[in-house]
file upload-v5.cif (mmCIF, C-alpha atoms and all ligand atoms)
data_target
#
loop_
_atom_site.group_PDB
_atom_site.id
_atom_site.type_symbol
_atom_site.label_atom_id
_atom_site.label_comp_id
_atom_site.auth_asym_id
_atom_site.auth_seq_id
_atom_site.Cartn_x
_atom_site.Cartn_y
_atom_site.Cartn_z
ATOM 1 C CA GLU A 1 3.782 -2.707 -3.913
ATOM 2 C CA TRP A 2 3.090 -0.475 -6.919
ATOM 3 C CA VAL A 3 0.235 -1.661 -9.082
ATOM 4 C CA ASN A 4 -1.733 -0.321 -11.997
ATOM 5 C CA PHE A 5 -4.976 0.266 -10.132
ATOM 6 C CA VAL A 6 -7.073 0.315 -13.313
ATOM 7 C CA ASP A 7 -6.025 -3.253 -14.213
ATOM 8 C CA PHE A 8 -6.228 -4.381 -10.618
ATOM 9 C CA PHE A 9 -9.837 -3.128 -10.274
ATOM 10 C CA ASP A 10 -10.769 -4.500 -13.706
ATOM 11 C CA ARG A 11 -9.557 -7.989 -12.763
ATOM 12 C CA ILE A 12 -11.515 -7.988 -9.505
ATOM 13 C CA ILE A 13 -14.666 -6.902 -11.365
ATOM 14 C CA ASP A 14 -14.051 -9.750 -13.861
ATOM 15 C CA ARG A 15 -14.004 -12.254 -11.021
ATOM 16 C CA PHE A 16 -17.351 -11.019 -9.694
ATOM 17 C CA GLU A 17 -18.829 -10.957 -13.180
ATOM 18 C CA MET A 18 -17.854 -14.591 -13.782
ATOM 19 C CA ALA A 19 -19.080 -15.780 -10.397
ATOM 20 C CA LYS A 20 -22.383 -13.919 -10.185
ATOM 21 C CA ASP A 21 -25.586 -15.929 -10.253
ATOM 22 C CA GLN A 22 -27.916 -12.929 -10.257
ATOM 23 C CA ASN A 23 -29.469 -11.004 -13.087
ATOM 24 C CA VAL A 24 -27.432 -7.847 -12.509
ATOM 25 C CA SER A 25 -25.508 -6.047 -15.222
ATOM 26 C CA PHE A 26 -22.098 -4.481 -14.786
ATOM 27 C CA ARG A 27 -20.953 -1.178 -16.237
ATOM 28 C CA ARG A 28 -17.324 -0.031 -16.055
ATOM 29 C CA LYS A 29 -16.226 3.582 -16.334
ATOM 30 C CA LEU A 30 -12.490 3.158 -16.085
ATOM 31 C CA PRO A 31 -9.676 5.332 -17.440
ATOM 32 C CA SER A 32 -7.997 3.931 -20.537
ATOM 33 C CA HIS A 33 -4.516 4.692 -19.190
ATOM 34 C CA ALA A 34 -2.604 3.141 -16.311
ATOM 35 C CA ILE A 35 -2.692 4.681 -12.829
ATOM 36 C CA PHE A 36 0.064 3.436 -10.546
ATOM 37 C CA VAL A 37 -0.736 3.443 -6.840
ATOM 38 C CA GLU A 38 1.138 1.946 -3.915
ATOM 39 C CA ILE A 39 -1.153 -0.551 -2.211
ATOM 40 C CA ASP A 40 -1.248 -3.737 -0.219
ATOM 41 C CA GLU A 41 -2.964 -5.997 -2.755
ATOM 42 C CA ASP A 42 -4.496 -8.348 -0.189
ATOM 43 C CA LYS A 43 -5.981 -5.531 1.866
ATOM 44 C CA MET A 44 -7.240 -3.698 -1.194
ATOM 45 C CA THR A 45 -8.788 -6.903 -2.550
ATOM 46 C CA GLN A 46 -10.665 -7.175 0.755
ATOM 47 C CA VAL A 47 -11.904 -3.578 0.502
ATOM 48 C CA LEU A 48 -13.229 -4.088 -3.013
ATOM 49 C CA TYR A 49 -14.630 -7.498 -2.213
ATOM 50 C CA ASN A 50 -16.639 -6.148 0.746
ATOM 51 C CA ILE A 51 -18.000 -3.161 -1.180
ATOM 52 C CA ILE A 52 -18.882 -5.116 -4.333
ATOM 53 C CA SER A 53 -20.498 -7.940 -2.316
ATOM 54 C CA ASN A 54 -22.822 -5.398 -0.728
ATOM 55 C CA ALA A 55 -23.691 -3.823 -4.086
ATOM 56 C CA LEU A 56 -24.722 -7.256 -5.373
ATOM 57 C CA LYS A 57 -26.412 -8.354 -2.166
ATOM 58 C CA TYR A 58 -28.636 -5.264 -2.059
ATOM 59 C CA SER A 59 -29.293 -5.080 -5.830
ATOM 60 C CA PRO A 60 -32.714 -5.885 -7.260
ATOM 61 C CA GLU A 61 -33.329 -8.336 -10.074
ATOM 62 C CA GLY A 62 -32.222 -6.674 -13.323
ATOM 63 C CA GLY A 63 -30.291 -3.934 -11.542
ATOM 64 C CA GLN A 64 -27.101 -2.359 -12.743
ATOM 65 C CA VAL A 65 -23.853 -2.010 -10.812
ATOM 66 C CA THR A 66 -21.482 0.709 -11.996
ATOM 67 C CA PHE A 67 -17.755 0.735 -11.301
ATOM 68 C CA SER A 68 -15.734 3.885 -11.766
ATOM 69 C CA ILE A 69 -12.362 5.463 -11.140
ATOM 70 C CA LYS A 70 -12.001 9.242 -11.219
ATOM 71 C CA GLU A 71 -8.713 11.073 -11.094
ATOM 72 C CA GLU A 72 -8.381 14.166 -8.975
ATOM 73 C CA GLU A 73 -5.351 16.284 -8.232
ATOM 74 C CA GLU A 74 -3.669 14.162 -5.570
ATOM 75 C CA LYS A 75 -5.976 11.194 -5.327
ATOM 76 C CA ILE A 76 -8.149 8.789 -7.205
ATOM 77 C CA ILE A 77 -11.775 8.163 -6.279
ATOM 78 C CA VAL A 78 -13.015 4.611 -6.677
ATOM 79 C CA SER A 79 -16.799 4.129 -6.674
ATOM 80 C CA VAL A 80 -19.266 1.277 -6.820
ATOM 81 C CA SER A 81 -22.900 2.175 -7.264
ATOM 82 C CA ASP A 82 -26.013 0.058 -7.336
ATOM 83 C CA GLU A 83 -29.731 0.468 -7.957
ATOM 84 C CA GLY A 84 -30.747 -1.295 -4.773
ATOM 85 C CA VAL A 85 -32.848 -0.581 -1.711
ATOM 86 C CA GLY A 86 -30.671 2.298 -0.576
ATOM 87 C CA ILE A 87 -29.926 3.453 2.966
ATOM 88 C CA PRO A 88 -32.014 5.958 4.959
ATOM 89 C CA LYS A 89 -30.218 9.292 5.526
ATOM 90 C CA GLU A 90 -30.270 8.947 9.301
ATOM 91 C CA ASN A 91 -28.391 5.629 9.123
ATOM 92 C CA ILE A 92 -25.787 6.391 6.519
ATOM 93 C CA GLY A 93 -23.244 7.695 9.034
ATOM 94 C CA LYS A 94 -23.264 4.396 10.888
ATOM 95 C CA ILE A 95 -22.817 1.811 8.157
ATOM 96 C CA PHE A 96 -19.033 1.874 8.589
ATOM 97 C CA ASP A 97 -19.343 1.016 12.301
ATOM 98 C CA ARG A 98 -18.647 -2.514 13.477
ATOM 99 C CA PHE A 99 -21.696 -4.783 13.564
ATOM 100 C CA TYR A 100 -24.002 -2.043 12.347
ATOM 101 C CA ARG A 101 -26.758 -3.206 10.026
ATOM 102 C CA VAL A 102 -29.656 -1.090 8.782
ATOM 103 C CA ASP A 103 -33.092 -2.506 9.537
ATOM 104 C CA LYS A 104 -32.481 -5.885 11.127
ATOM 105 C CA ALA A 105 -35.721 -7.310 9.746
ATOM 106 C CA ARG A 106 -34.955 -6.380 6.166
ATOM 107 C CA THR A 107 -31.408 -7.637 6.215
ATOM 108 C CA ARG A 108 -31.924 -10.773 8.292
ATOM 109 C CA LYS A 109 -32.677 -12.944 5.303
ATOM 110 C CA LEU A 110 -29.604 -11.616 3.486
ATOM 111 C CA GLY A 111 -27.265 -12.681 6.247
ATOM 112 C CA GLY A 112 -24.021 -11.029 7.251
ATOM 113 C CA THR A 113 -22.423 -9.790 10.425
ATOM 114 C CA GLY A 114 -22.197 -6.071 9.726
ATOM 115 C CA LEU A 115 -18.411 -6.141 9.642
ATOM 116 C CA GLY A 116 -17.776 -5.784 5.899
ATOM 117 C CA LEU A 117 -17.704 -2.001 5.713
ATOM 118 C CA ALA A 118 -15.942 -1.567 9.077
ATOM 119 C CA ILE A 119 -13.099 -3.709 7.736
ATOM 120 C CA ALA A 120 -13.116 -1.834 4.428
ATOM 121 C CA LYS A 121 -12.873 1.481 6.301
ATOM 122 C CA GLU A 122 -9.931 0.285 8.361
ATOM 123 C CA MET A 123 -8.083 -0.971 5.278
ATOM 124 C CA VAL A 124 -8.723 2.257 3.369
ATOM 125 C CA TYR A 125 -7.385 4.286 6.326
ATOM 126 C CA VAL A 126 -4.222 2.172 6.327
ATOM 127 C CA HIS A 127 -3.729 3.356 2.743
ATOM 128 C CA GLY A 128 -4.228 6.999 3.726
ATOM 129 C CA GLY A 129 -7.631 7.292 2.072
ATOM 130 C CA MET A 130 -11.212 8.122 3.075
ATOM 131 C CA ILE A 131 -14.415 6.155 2.540
ATOM 132 C CA TRP A 132 -18.007 7.353 2.348
ATOM 133 C CA ALA A 133 -21.433 6.515 0.987
ATOM 134 C CA GLU A 134 -24.218 8.399 -0.743
ATOM 135 C CA SER A 135 -27.626 6.884 -1.033
ATOM 136 C CA GLU A 136 -31.226 7.517 -1.884
ATOM 137 C CA GLU A 137 -33.795 5.157 -0.439
ATOM 138 C CA GLY A 138 -35.405 3.055 -3.118
ATOM 139 C CA LYS A 139 -33.008 4.394 -5.783
ATOM 140 C CA GLY A 140 -29.593 3.047 -4.874
ATOM 141 C CA THR A 141 -26.304 3.489 -3.128
ATOM 142 C CA GLU A 142 -22.843 4.628 -4.123
ATOM 143 C CA VAL A 143 -19.881 3.694 -1.941
ATOM 144 C CA SER A 144 -16.633 5.515 -2.729
ATOM 145 C CA PHE A 145 -13.136 5.696 -1.365
ATOM 146 C CA SER A 146 -10.088 7.756 -2.142
ATOM 147 C CA LEU A 147 -6.484 6.707 -2.477
ATOM 148 C CA PRO A 148 -3.621 9.171 -2.391
ATOM 149 C CA TYR A 149 -1.932 9.294 -5.735
ATOM 150 C CA GLU A 150 1.100 11.253 -6.795
ATOM 151 C CA GLN A 151 1.024 11.826 -10.461
ATOM 152 C CA SER A 152 4.540 11.144 -11.682
ATOM 153 C CA GLU A 153 6.242 13.215 -14.352
ATOM 154 C CA GLU A 154 6.150 10.299 -16.750
ATOM 155 C CA ASP A 155 2.377 10.248 -16.404
ATOM 156 C CA GLU A 156 2.125 13.963 -16.999
ATOM 157 C CA TRP A 157 4.233 14.038 -20.119
ATOM 158 C CA SER A 158 3.261 10.819 -21.809
HETATM 159 P P1 LIG B 1 -21.151 -8.534 6.197
HETATM 160 O O1 LIG B 1 -20.541 -7.589 5.208
HETATM 161 O O2 LIG B 1 -20.360 -8.625 7.455
HETATM 162 O O3 LIG B 1 -21.481 -9.831 5.590
HETATM 163 P P2 LIG B 1 -23.306 -6.650 6.077
HETATM 164 O O4 LIG B 1 -23.234 -6.628 4.588
HETATM 165 O O5 LIG B 1 -24.647 -6.574 6.701
HETATM 166 O O6 LIG B 1 -22.561 -7.936 6.660
HETATM 167 P P3 LIG B 1 -21.672 -4.256 6.011
HETATM 168 O O7 LIG B 1 -21.112 -4.693 4.708
HETATM 169 O O8 LIG B 1 -20.726 -3.691 7.022
HETATM 170 O O9 LIG B 1 -22.441 -5.442 6.713
HETATM 171 O O10 LIG B 1 -22.797 -3.174 5.761
HETATM 172 C C1 LIG B 1 -23.472 -2.594 6.874
HETATM 173 C C2 LIG B 1 -24.918 -2.316 6.535
HETATM 174 O O11 LIG B 1 -24.991 -1.238 5.599
HETATM 175 C C3 LIG B 1 -25.643 -3.474 5.861
HETATM 176 O O12 LIG B 1 -26.214 -4.348 6.801
HETATM 177 C C4 LIG B 1 -26.728 -2.754 5.072
HETATM 178 O O13 LIG B 1 -27.826 -2.476 5.910
HETATM 179 C C5 LIG B 1 -26.065 -1.441 4.693
HETATM 180 N N1 LIG B 1 -25.510 -1.463 3.320
HETATM 181 C C6 LIG B 1 -24.213 -1.619 2.975
HETATM 182 N N2 LIG B 1 -24.036 -1.559 1.633
HETATM 183 C C7 LIG B 1 -25.269 -1.355 1.114
HETATM 184 C C8 LIG B 1 -25.782 -1.187 -0.223
HETATM 185 N N3 LIG B 1 -24.969 -1.251 -1.288
HETATM 186 N N4 LIG B 1 -27.116 -0.994 -0.365
HETATM 187 C C9 LIG B 1 -27.933 -0.936 0.721
HETATM 188 N N5 LIG B 1 -27.530 -1.093 1.997
HETATM 189 C C10 LIG B 1 -26.217 -1.287 2.195
HETATM 190 MG MG MG B 2 -21.344 -6.557 3.631
#
call {"tool": "encode", "arguments": {"input": "upload-v5.cif", "output": "structure tokens", "more": "lines below"}}
Ligand code: ATP
Ligand code: MG
result
Amino acid sequence: EWVNFVDFFDRIIDRFEMAKDQNVSFRRKLPSHAIFVEIDEDKMTQVLYNIISNALKYSPEGGQVTFSIKEEEEKIIVSVSDEGVGIPKENIGKIFDRFYRVDKARTRKLGGTGLGLAIAKEMVYVHGGMIWAESEEGKGTEVSFSLPYEQSEEDEWS
């Protein structure tokens, strides 16, 4: 169905902000106008849930998580960045693989199966988008995905 992705994302962030029990602050960089995208709401909720859960799970005490939506010509780019432990360069290509977890020892205490991002990748592909991550060890991680978006004439002229 067609949804205003800005509102949709904002509401999901609200839910995480209300439920969080960590000292992590949220920053939103969202467009002030509506962006209508055709999505499966359940699948997209899962994508965002998996990405945001990781950002919180790997965030340090007092860290900041930033949520953004950028508009490009035929797509939007949705990003979630954190100030957490980061991911070593040599492992970053594998984090979207099933059951892959960086550094078993480090992540053991945090739990998880290593399926979150593999599921997110599959769901993003179903929507015709791409997903990727950029990270600097010790500084933080940014996970982004694209969604095809056809700017309608109404959008252009209003
Ligand atoms: P699950 O999501 O199934 O509970 P998980 O979080 O370990 O388990 P994924 O979400 O698929 O699995 O992530 C794969 C691995 O990528 C993680 O184990 C972690 O090592 C790394 N990773 C993912 N997101 C981040 C992040 N924001 N910061 C640092 N490492 C991350
Ligand atoms: Mg996860």
call {"tool": "residues_near_ligand", "arguments": {"input": "upload-v5.cif", "ligand": "ligand MG 2 (chain B)", "cutoff": "8 Å", "atoms": "only C-alpha atoms and all ligand atoms", "output": "PyMOL selection string"}}
result
chain A and resi 50-51+53-54+57+112-117
call {"tool": "closest_residue", "arguments": {"input": "upload-v5.cif", "among": "A:Ser59, A:Gln151, A:Gln46, A:Thr66", "to": "ligand LIG 1 (chain B)", "atoms": "all atoms listed in the file"}}
result
A:Ser59
call {"tool": "residues_near_ligand", "arguments": {"input": "upload-v5.cif", "ligand": "ligand LIG 1 (chain B)", "cutoff": "9 Å", "atoms": "all atoms listed in the file", "output": "ChimeraX atom specification"}}
result
/A:50-59,80-88,91-92,94-104,106-108,110-120,133,135,137,140-143
call {"tool": "resolve_selection", "arguments": {"input": "upload-v5.cif", "expression": "the PyMOL selection byres (((chain A and resi 74) around 8) and not hetatm)", "output": "VMD selection string"}}
result
chain A and resid 72 to 73 75 to 76 148 to 151
call {"tool": "atom_distance", "arguments": {"input": "upload-v5.cif", "atom1": "CA of Val65 in chain A", "atom2": "CA of Arg27 in chain A"}}
result
6.2 Å
call {"tool": "residues_around", "arguments": {"input": "upload-v5.cif", "residues": "range 11-25 of chain A", "least_positions_apart": "3", "cutoff": "7 Å", "atoms": "all atoms listed in the file", "output": "ChimeraX atom specification"}}
result
/A:7-8,61-65
call {"tool": "closest_residue", "arguments": {"input": "upload-v5.cif", "among": "A:Glu134, A:Glu122, A:Glu90, A:Glu71", "to": "Leu147 in chain A", "atoms": "only C-alpha atoms"}}
result
A:Glu71
call {"tool": "closest_residue", "arguments": {"input": "upload-v5.cif", "among": "A:Val124, A:Asp10, A:Gly129, A:Phe67", "to": "Val47 in chain A", "atoms": "all atoms listed in the file"}}
result
A:Val124
call {"tool": "residues_around", "arguments": {"input": "upload-v5.cif", "residues": "Val3 in chain A", "least_positions_apart": "2", "cutoff": "7 Å", "atoms": "all atoms listed in the file", "output": "ChimeraX atom specification"}}
result
/A:1,5,36-38
call {"tool": "atom_distance", "arguments": {"input": "upload-v5.cif", "atom1": "CA of Ser146 in chain A", "atom2": "CA of Phe26 in chain A"}}
result
21.3 Å
call {"tool": "atom_distance", "arguments": {"input": "upload-v5.cif", "atom1": "CA of Ser32 in chain A", "atom2": "CA of Ile131 in chain A"}}
result
24.1 Å
call {"tool": "axis_aligned_box", "arguments": {"input": "upload-v5.cif", "around": "range 25-44 of chain A", "padding_each_side": "4 Å", "output": "AutoDock Vina command-line options"}}
result
--center_x -12.2 --center_y -1.5 --center_z -9.3 --size_x 34.6 --size_y 21.7 --size_z 30.4
